Each structure stands twice: as C-alpha cells, then as structure tokens.
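A quick write-up on the structure given underneath.
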Amino acid sequence: MTLTDIPAGFEPHFRKAPLTDPWEPLYSKKTDKGVTVGLRLATPHTNARGLIHGGLIAALADAAMGYSCAQATGWSTSLVTISLSVDYAGAAEIGQWLAVEGEAIKTGSTICFAQCLAKADDAVIARASGTFRVVPKKG
C-alpha cells in the first residue's frame with residue numbers, strides 16, 4: 001500500500017473543523033453500526049518520538065463516536081461530549097492507515113453511549129468509550 005492508497009468505502013470526510021484542518025485529508029465511511037474516520041498517518045500526526053500522538057487518536061475517537069451517535073439519531077440532533085475514555089494498546093507509525101471505528105451503543109432522548117476501536121493497518125492500537133449529551137439542533 002502506498003501513502004496515497006485509501007481503503008475501499010472511504011470518501012473525503014463530510015465535515016470540516018478548525019481542529020482537524022492540519023490533519024487533512026481526512027476520510028470517513030458510514031456503516032450500519034456507526035461512522036469510521038480514517039487517514040493516512042504523516043509527520044503532522046506525530047509526537048516528539050516520531051510515533052502517532054495519542055491526542056490525535058483521542059480527538060478522532062471523540063469525533064467518530066459523536067458522528068456515530070448523530071447517525072443513530074438520524075442526524076437530527078447535535079451532541080456534546082460528557083466523558084471520554086481512551087485505552088492505548090499499541091503504537092502507530094507514519095505511512096500506516098488509521099481507522100477509528102465508531103459505534104453508538106445506546107441512544108436516548110438526552111444521552112448517547114458509544115465506543116470505538118482505533119486500528120493502524122487493521123491492528124488495534126486503542127479503544128475508547130464516550131458519553132454524549134443529545135442537544136436538539138437549532139432551527
């Protein structure tokens with residue numbers, strides 16, 4: 001796989017944010033379970049040791065889980081993070097494909113619970129869970 005190869009099913013990410021602008025290009029795909037956010041890892045994603053920064057993984061996990069909750073509500077609500085927990089189980093390097101696979105676990109009228117796995121070239125490097133406040137979209 002080359003640095004420009006994008007796995008099947010991924011398209012340019014449907015939402016832009018100032019936080020993620022330096023990490024572009026970002027990709028995503030929607031599944032029955034949730035939303036996966038992906039990118040080809042590069043130098044701007046690294047820490048001082050040249051490994052992929054845990055903060056990148058946490059931010060993308062937060063996003064993938066939030067998007068998964070939004071999808072579970074039919075994209076009719078906004079969500080804000082109440083809590084986020086990340087367990088790191090490995091490391092990733094420049095050139096690998098990072099896929100952060102979000103899944104909504106339970107959605108109610110005010111709270112959504114979600115989880116995700118972060119994978120570097122299909123090897124799990126982190127898992128996360130999050131709780132999100134469901135906020136009606138302003139009209």
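The chains in the structure tokens are called A, B, ... from first to last as shown; in each chain the residues are counted from 1, and the ligands are counted from 1 in the order shown.
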
*asked:* List the spatial neighbours of region 112-114 of chain A as JSON, numbers by chain - criterion: any atom at most 12 Å away, only C-alpha atoms, same-chain residues fewer than 3 positions off excluded.
replied: {"A": [33, 34, 35, 61, 62, 63, 64, 65, 66, 67, 68, 69, 70, 71, 72, 73, 77, 78, 79, 80, 81, 82, 83, 84, 85, 101, 102, 103, 104, 105, 106, 107, 108, 109, 117, 127, 128, 129, 130, 131, 132, 133, 134, 135]}

Could you turn the residues from that selection into a file that holds N, CA and C atoms, as a short mmCIF file (atom, residue, chain, number, x, y, z; two decimals), in the first residue's frame?
```
data_model
loop_
_atom_site.label_atom_id
_atom_site.label_comp_id
_atom_site.auth_asym_id
_atom_site.auth_seq_id
_atom_site.Cartn_x
_atom_site.Cartn_y
_atom_site.Cartn_z
N LYS A 33 -23.39 0.20 11.80
CA LYS A 33 -23.06 0.37 13.22
C LYS A 33 -22.70 1.80 13.59
N GLY A 34 -22.12 2.55 12.65
CA GLY A 34 -21.67 3.89 13.00
C GLY A 34 -20.82 4.50 11.92
N VAL A 35 -19.96 5.43 12.32
CA VAL A 35 -19.11 6.16 11.39
C VAL A 35 -17.65 5.87 11.72
N ALA A 61 -11.28 9.64 17.96
CA ALA A 61 -12.22 8.74 18.63
C ALA A 61 -13.45 9.53 19.09
N ASP A 62 -13.24 10.69 19.67
CA ASP A 62 -14.33 11.55 20.10
C ASP A 62 -15.23 11.88 18.91
N ALA A 63 -14.62 12.24 17.80
CA ALA A 63 -15.39 12.59 16.60
C ALA A 63 -16.15 11.39 16.05
N ALA A 64 -15.48 10.26 15.90
CA ALA A 64 -16.13 9.07 15.32
C ALA A 64 -17.31 8.62 16.18
N MET A 65 -17.14 8.67 17.49
CA MET A 65 -18.24 8.27 18.36
C MET A 65 -19.39 9.29 18.31
N GLY A 66 -19.06 10.57 18.29
CA GLY A 66 -20.10 11.59 18.18
C GLY A 66 -20.87 11.47 16.88
N TYR A 67 -20.16 11.27 15.76
CA TYR A 67 -20.83 11.08 14.47
C TYR A 67 -21.69 9.82 14.49
N SER A 68 -21.22 8.78 15.15
CA SER A 68 -22.00 7.54 15.24
C SER A 68 -23.29 7.75 16.01
N CYS A 69 -23.22 8.53 17.09
CA CYS A 69 -24.44 8.87 17.84
C CYS A 69 -25.37 9.72 16.98
N ALA A 70 -24.81 10.68 16.25
CA ALA A 70 -25.63 11.53 15.38
C ALA A 70 -26.33 10.68 14.32
N GLN A 71 -25.60 9.74 13.75
CA GLN A 71 -26.20 8.86 12.75
C GLN A 71 -27.33 8.04 13.38
N ALA A 72 -27.12 7.55 14.60
CA ALA A 72 -28.14 6.75 15.28
C ALA A 72 -29.41 7.55 15.56
N THR A 73 -29.29 8.86 15.63
CA THR A 73 -30.46 9.72 15.85
C THR A 73 -30.98 10.30 14.53
N THR A 77 -29.96 15.56 15.62
CA THR A 77 -29.52 16.21 16.85
C THR A 77 -28.06 16.61 16.75
N SER A 78 -27.66 17.47 17.66
CA SER A 78 -26.25 17.77 17.87
C SER A 78 -25.84 17.06 19.15
N LEU A 79 -24.55 16.87 19.32
CA LEU A 79 -24.07 16.19 20.51
C LEU A 79 -22.86 16.91 21.07
N VAL A 80 -22.73 16.88 22.39
CA VAL A 80 -21.54 17.39 23.05
C VAL A 80 -21.02 16.29 23.97
N THR A 81 -19.72 16.22 24.08
CA THR A 81 -19.08 15.17 24.86
C THR A 81 -19.23 15.43 26.35
N ILE A 82 -19.71 14.42 27.06
CA ILE A 82 -19.78 14.47 28.52
C ILE A 82 -18.53 13.83 29.11
N SER A 83 -18.19 12.64 28.59
CA SER A 83 -16.99 11.96 29.06
C SER A 83 -16.36 11.18 27.92
N LEU A 84 -15.05 11.02 28.03
CA LEU A 84 -14.28 10.31 27.01
C LEU A 84 -13.19 9.54 27.73
N SER A 85 -13.08 8.26 27.42
CA SER A 85 -12.04 7.42 28.00
C SER A 85 -11.32 6.69 26.87
N GLU A 101 -13.06 3.38 14.31
CA GLU A 101 -14.37 2.81 14.01
C GLU A 101 -15.35 3.08 15.14
N GLY A 102 -16.23 4.06 14.95
CA GLY A 102 -17.21 4.41 15.97
C GLY A 102 -18.46 3.55 15.90
N GLU A 103 -19.11 3.40 17.07
CA GLU A 103 -20.35 2.63 17.15
C GLU A 103 -21.20 3.20 18.28
N ALA A 104 -22.44 3.58 17.97
CA ALA A 104 -23.38 4.01 19.00
C ALA A 104 -23.90 2.76 19.71
N ILE A 105 -23.83 2.75 21.03
CA ILE A 105 -24.27 1.60 21.82
C ILE A 105 -25.71 1.75 22.27
N LYS A 106 -26.04 2.92 22.79
CA LYS A 106 -27.41 3.19 23.25
C LYS A 106 -27.66 4.68 23.14
N THR A 107 -28.77 5.02 22.51
CA THR A 107 -29.14 6.42 22.37
C THR A 107 -30.50 6.65 23.00
N GLY A 108 -30.57 7.64 23.88
CA GLY A 108 -31.84 8.03 24.48
C GLY A 108 -32.17 9.45 24.07
N SER A 109 -33.15 10.02 24.73
CA SER A 109 -33.57 11.37 24.36
C SER A 109 -32.57 12.43 24.82
N LEU A 117 -12.93 1.46 18.23
CA LEU A 117 -11.59 0.89 18.15
C LEU A 117 -10.79 1.72 17.17
N ARG A 127 -8.72 1.65 22.23
CA ARG A 127 -10.17 1.55 22.31
C ARG A 127 -10.64 2.73 23.13
N ALA A 128 -11.85 3.16 22.85
CA ALA A 128 -12.38 4.33 23.56
C ALA A 128 -13.85 4.13 23.83
N SER A 129 -14.33 4.83 24.83
CA SER A 129 -15.76 4.90 25.10
C SER A 129 -16.10 6.34 25.41
N GLY A 130 -17.33 6.69 25.11
CA GLY A 130 -17.75 8.07 25.33
C GLY A 130 -19.21 8.16 25.68
N THR A 131 -19.54 9.21 26.38
CA THR A 131 -20.92 9.55 26.71
C THR A 131 -21.16 10.94 26.16
N PHE A 132 -22.29 11.10 25.48
CA PHE A 132 -22.59 12.35 24.79
C PHE A 132 -23.97 12.86 25.19
N ARG A 133 -24.07 14.16 25.34
CA ARG A 133 -25.34 14.82 25.62
C ARG A 133 -26.01 15.10 24.29
N VAL A 134 -27.26 14.67 24.15
CA VAL A 134 -28.04 14.91 22.95
C VAL A 134 -28.67 16.30 23.08
N VAL A 135 -28.41 17.13 22.07
CA VAL A 135 -28.91 18.51 22.07
C VAL A 135 -29.71 18.72 20.79
#
```

_So that I can see what lies close to His45 (chain A), please list as a list in words the residues with an atom at most 7 Å from it, counting only C-alpha atoms and leaving out residues fewer than 4 positions away in the same chain._
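With the cut-off at 7 Å, the set is Trp23, Leu41, Ile52, His53 and Leu56 of chain A.
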
_Could you pull out the helix (DSSP H, G or I) residues of region 48-89 of chain A, going by DSSP on the backbone, and write them as a ChimeraX atom specification?_
/A:54-72

Go ahead and write the residues just picked, N, CA and C atoms, as an mmCIF file, in the first residue's frame.
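Produced file selection_17.cif, reproduced below:
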```
data_model
loop_
_atom_site.group_PDB
_atom_site.id
_atom_site.type_symbol
_atom_site.label_atom_id
_atom_site.label_comp_id
_atom_site.auth_asym_id
_atom_site.auth_seq_id
_atom_site.Cartn_x
_atom_site.Cartn_y
_atom_site.Cartn_z
ATOM 1 N N GLY A 54 -1.054 10.376 20.862
ATOM 2 C CA GLY A 54 -2.274 9.883 21.496
ATOM 3 C C GLY A 54 -3.407 10.892 21.447
ATOM 4 N N GLY A 55 -3.075 12.173 21.429
ATOM 5 C CA GLY A 55 -4.104 13.204 21.340
ATOM 6 C C GLY A 55 -4.856 13.157 20.019
ATOM 7 N N LEU A 56 -4.162 12.805 18.944
ATOM 8 C CA LEU A 56 -4.811 12.631 17.642
ATOM 9 C C LEU A 56 -5.821 11.496 17.723
ATOM 10 N N ILE A 57 -5.396 10.393 18.316
ATOM 11 C CA ILE A 57 -6.279 9.236 18.438
ATOM 12 C C ILE A 57 -7.496 9.598 19.288
ATOM 13 N N ALA A 58 -7.280 10.297 20.404
ATOM 14 C CA ALA A 58 -8.389 10.679 21.276
ATOM 15 C C ALA A 58 -9.363 11.606 20.555
ATOM 16 N N ALA A 59 -8.839 12.593 19.837
ATOM 17 C CA ALA A 59 -9.710 13.540 19.135
ATOM 18 C C ALA A 59 -10.519 12.846 18.046
ATOM 19 N N LEU A 60 -9.889 11.951 17.291
ATOM 20 C CA LEU A 60 -10.617 11.249 16.240
ATOM 21 C C LEU A 60 -11.605 10.246 16.817
ATOM 22 N N ALA A 61 -11.276 9.643 17.962
ATOM 23 C CA ALA A 61 -12.221 8.745 18.631
ATOM 24 C C ALA A 61 -13.455 9.525 19.087
ATOM 25 N N ASP A 62 -13.239 10.690 19.672
ATOM 26 C CA ASP A 62 -14.334 11.554 20.101
ATOM 27 C C ASP A 62 -15.230 11.883 18.906
ATOM 28 N N ALA A 63 -14.619 12.244 17.798
ATOM 29 C CA ALA A 63 -15.386 12.590 16.603
ATOM 30 C C ALA A 63 -16.145 11.391 16.048
ATOM 31 N N ALA A 64 -15.483 10.256 15.898
ATOM 32 C CA ALA A 64 -16.129 9.073 15.323
ATOM 33 C C ALA A 64 -17.308 8.615 16.179
ATOM 34 N N MET A 65 -17.144 8.673 17.488
ATOM 35 C CA MET A 65 -18.245 8.274 18.363
ATOM 36 C C MET A 65 -19.385 9.287 18.311
ATOM 37 N N GLY A 66 -19.061 10.572 18.292
ATOM 38 C CA GLY A 66 -20.100 11.592 18.177
ATOM 39 C C GLY A 66 -20.870 11.468 16.876
ATOM 40 N N TYR A 67 -20.161 11.266 15.761
ATOM 41 C CA TYR A 67 -20.826 11.080 14.474
ATOM 42 C C TYR A 67 -21.693 9.823 14.489
ATOM 43 N N SER A 68 -21.216 8.782 15.155
ATOM 44 C CA SER A 68 -21.997 7.541 15.236
ATOM 45 C C SER A 68 -23.293 7.755 16.014
ATOM 46 N N CYS A 69 -23.221 8.533 17.087
ATOM 47 C CA CYS A 69 -24.444 8.866 17.839
ATOM 48 C C CYS A 69 -25.369 9.724 16.981
ATOM 49 N N ALA A 70 -24.809 10.683 16.252
ATOM 50 C CA ALA A 70 -25.627 11.528 15.381
ATOM 51 C C ALA A 70 -26.333 10.683 14.322
ATOM 52 N N GLN A 71 -25.599 9.740 13.749
ATOM 53 C CA GLN A 71 -26.201 8.856 12.748
ATOM 54 C C GLN A 71 -27.326 8.038 13.375
ATOM 55 N N ALA A 72 -27.118 7.552 14.605
ATOM 56 C CA ALA A 72 -28.138 6.751 15.282
ATOM 57 C C ALA A 72 -29.406 7.549 15.564
#
```

*Option closest in space to Thr43 (chain A), from A:Ala92, A:Ile125, A:Ile6, A:Ile111 [counting only C-alpha atoms]*: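 Under the stated criterion, the closest residue is A:Ala92.
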
*Using only C-alpha atoms, which of A:Asp32, A:Asp87, A:Lys138, A:Gly38 sits nearest Phe14 (chain A)?*
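Ranked by minimum distance to Phe14 (chain A), first place goes to A:Gly38.
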
*Taking the backbone alone, and naming residues the way the document does, which bits of chain A are strand (DSSP E or B) by DSSP, as JSON, numbers by chain?*
{"A": [11, 12, 27, 28, 29, 30, 35, 36, 37, 38, 39, 40, 46, 52, 77, 78, 79, 80, 81, 82, 83, 84, 85, 86, 87, 88, 97, 98, 99, 100, 101, 102, 103, 104, 105, 106, 107, 111, 112, 113, 114, 115, 116, 117, 118, 119, 120, 123, 124, 125, 126, 127, 128, 129, 130, 131, 132, 133, 134, 135, 136]}

*Measuring atom to atom with only C-alpha atoms, identify which of A:Ile94, A:Leu39, A:Ala8, A:Ala89 is nearest to Val124 (chain A).*
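For Val124 (chain A), the nearest of the candidates is A:Ala89.
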
_Given only C-alpha atoms as the counted atoms, nearest of A:Pro22, A:Pro12, A:Gly90, A:Gly50 to Val37 (chain A)_ =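 Going through A:Pro22, A:Pro12, A:Gly90, A:Gly50 one by one, the smallest distance to Val37 (chain A) is for A:Pro12.
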
*Quick one: distance from CA of Lys137 (chain A) to CA of His13 (chain A) in Å, one decimal?*
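One can read the CA of Lys137 (chain A) to CA of His13 (chain A) distance as 20.9 Å.
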
*Selected residue, from A:Pro136, A:Lys29, A:Ala91, A:Val86, that lies nearest to Thr110 (chain A) when counting only C-alpha atoms*: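 Ranking A:Pro136, A:Lys29, A:Ala91, A:Val86 by distance to Thr110 (chain A), first place goes to A:Pro136.
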
*Mind pulling up the distance from CA of Pro7 (chain A) to CA of Ser76 (chain A)?*
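Going from CA of Ser76 (chain A) over to CA of Pro7 (chain A), I get 28.8 Å.
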